[in-house]
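Chemist: Just dropping this structure here.
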Protein chains: 2
Amino acid sequence: MSKGRLFVVSGPSGSGKDTILLGVFKRFPDIKFSISTITRPMRCNEKPGEKYNFVSKNQFEDMLRNNELLEYNTYLDNYYGTPKAPVICAIANGEDIIVEVDVNGAYQIKNIMPDCISIFIMPPSFEVLNQRLRSRGTENEDRIKQRLEVAIKEISRADEYDYLIINDDLNKAISDFSDIIKADRFRTDRNISFLKNYLNK
Amino acid sequence: MSKGRLFVVSGPSGSGKDTILLGVFKRFPDIKFSISTITRPMRCNEKPGEKYNFVSKNQFEDMLRNNELLEYNTYLDNYYGTPKAPVICAIANGEDIIVEVDVNGAYQIKNIMPDCISIFIMPPSFEVLNQRLRSRGTENEDRIKQRLEVAIKEISRADEYDYLIINDDLNKAISDFSDIIKADRFRTDRNISFLKNYLNK
């Protein structure tokens with residue numbers, strides 16, 4: 001059986017990465033999604049185990065001490081992390097698994113799992129990003145400027161990723177992401193056991 | 001403009017790599033094929049510049065001295081080589097180019113151009129390979145055994161390649177090859193100049 005693969009996906013706010021991932025999971029229902037473990041309180045529209053698992057700070061710090069996380073960060077006095085076990089299990093079972101993290105999280109994961117494939121999703125231009133962030137109509141000028149600044153910082157680290165997807169057209173971006181997943185299944189490093197069996201026959 | 005890519009393709013006799021490549025070039029008429037330079041005499045069914053360029057041994061040895069080849073080998077007292085210039089030009093022009101060589105040629109090319117993507121095409125099993133070689137009906141038992149031995153040696157080096165394609169079904173194999181080409185166009189190393197322009201705007 002061939003090994004699975006961890007795909008690490010990042011992209012700034014306004015890149016459309018969540019919508020692209022929805023489309024990708026629709027095309028590949030067998031691909032797993034890595035659920036983050038976080039310590040902030042659950043919101044009304046959230047369910048445990050959907051996008052997040054909710055734990056106490058003590059529980060999270062236990063996970064940290066036991067080296068159970070692939071990456072973590074803190075934001076507004078709360079922890080956010082990617083548990084290691086589901087990723088390791090998926091890969092051993094020959095399953096692909098996608099984790100969505102920011103550039104710092106991706107950097108941490110690549111150090112621990114250098115075989116992962118990293119994909120950066122970006123808006124076609126800053127003008128489009130600007131429009132997208134403004135068209136939400138829910139945030140004030142300061143917040144939009146802050147998001148743009150963070151986006152520029154993240155895009156300046158896009159060259160650390162294996163692949164770049166420009167989200168100009170949603171369907172094309174989903175299709176581009178799918179091409180990367182499909183091609184990856186033919187990589188030699190995933191098929192070493194097949195090769196060994198082949199030669200031992 | 002994004003850079004082009006050199007794809008290095010190998011596979012034993014009976015792997016069906018020539019037929020797969022015909023299908024790939026039909027799907028991607030923009031992809032170039034690297035024409036080998038050889039010193040054996042031209043055959044009746046051959047045209048210069050189609051699959052081979054024919055030169056004298058002196059001319060070939062000049063190319064060797066001038067470091068104009070990506071790889072070369074000798075077979076039955078003749079030289080066979082891949083000229084460097086068309087590959088370098090294609091990549092600089094943003095074009096993909098495919099070169100078909102044996103495992104030794106692929107090894108030489110990877111040392112000179114580590115950014116190339118290498119693909120090994122293999123038959124689904126030795127049984128099928130055996131059948132395919134025999135079904136040609138044009139070769140005697142000794143020649144078939146010799147081809148099988150060479151194939152085993154080549155397949156034992158398949159792990160040196162980036163991708164493996166199992167040619168069980170021709171259309172699937174062409175499609176698999178196409179997925180690898182399509183995904184490659186999103187690799188960050190091909191799009192560094194796009195990223196630079198993006199950030200300088």
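Chain labels A, B, ... are given in the sequence in which chains occur in the structure tokens; within each chain residues are numbered consecutively from 1, and ligands are likewise numbered from 1 in the order shown.
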Find the residues of chain A in contact range of chain B, meaning any atom within 6 Å when counting only C-alpha atoms, and list them as a list of chain:residue names.

Modeler: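 Residues passing the distance filter: A:Asp162, A:Tyr163, A:Leu164, A:Asp179, A:Ile180, A:Ala183, A:Phe186, A:Arg187, A:Thr188.
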
Chemist: Leaving out Met63 of chain A and any residue of its chain fewer than 4 positions from it, which residues lie within 10 Å of it when counting only C-alpha atoms, given as a list in words?

Modeler: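 Surrounding residues, per the criterion: Thr37, Lys57, Asn58, Gln59, Asn67, Glu68, Leu69, Gly81, Pro83 and Lys84 of chain A.
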
Chemist: Hey, what's within 12 Å of Arg43 of chain B if we count only C-alpha atoms and toss same-chain stuff fewer than 5 positions away? As a VMD selection string, please?

Modeler: chain B and resid 48 51 to 52 54

Chemist: Using N, CA and C atoms, can you write the selected residues to a file as a PDB file, in the first residue's frame?

Modeler:
```
ATOM      1  N   PRO B  48      16.119  13.325 -40.692  1.00  0.00           N
ATOM      2  CA  PRO B  48      16.936  14.101 -39.755  1.00  0.00           C
ATOM      3  C   PRO B  48      16.070  15.126 -39.021  1.00  0.00           C
ATOM      4  N   LYS B  51      13.406  12.402 -34.712  1.00  0.00           N
ATOM      5  CA  LYS B  51      13.744  11.898 -33.376  1.00  0.00           C
ATOM      6  C   LYS B  51      15.239  12.080 -33.113  1.00  0.00           C
ATOM      7  N   TYR B  52      16.021  12.113 -34.194  1.00  0.00           N
ATOM      8  CA  TYR B  52      17.483  12.222 -34.066  1.00  0.00           C
ATOM      9  C   TYR B  52      18.050  13.267 -35.011  1.00  0.00           C
ATOM     10  N   PHE B  54      21.639  13.558 -37.001  1.00  0.00           N
ATOM     11  CA  PHE B  54      22.748  12.666 -37.326  1.00  0.00           C
ATOM     12  C   PHE B  54      24.007  13.480 -37.574  1.00  0.00           C
TER      13      PHE B  54
END
```

Chemist: To test your reading of the structure, identify every residue in segment 54-118 of chain A that backbone DSSP assigns to helix (DSSP H, G or I), and report it as a ChimeraX atom specification.

Modeler: /A:57-65,84-92,103-112
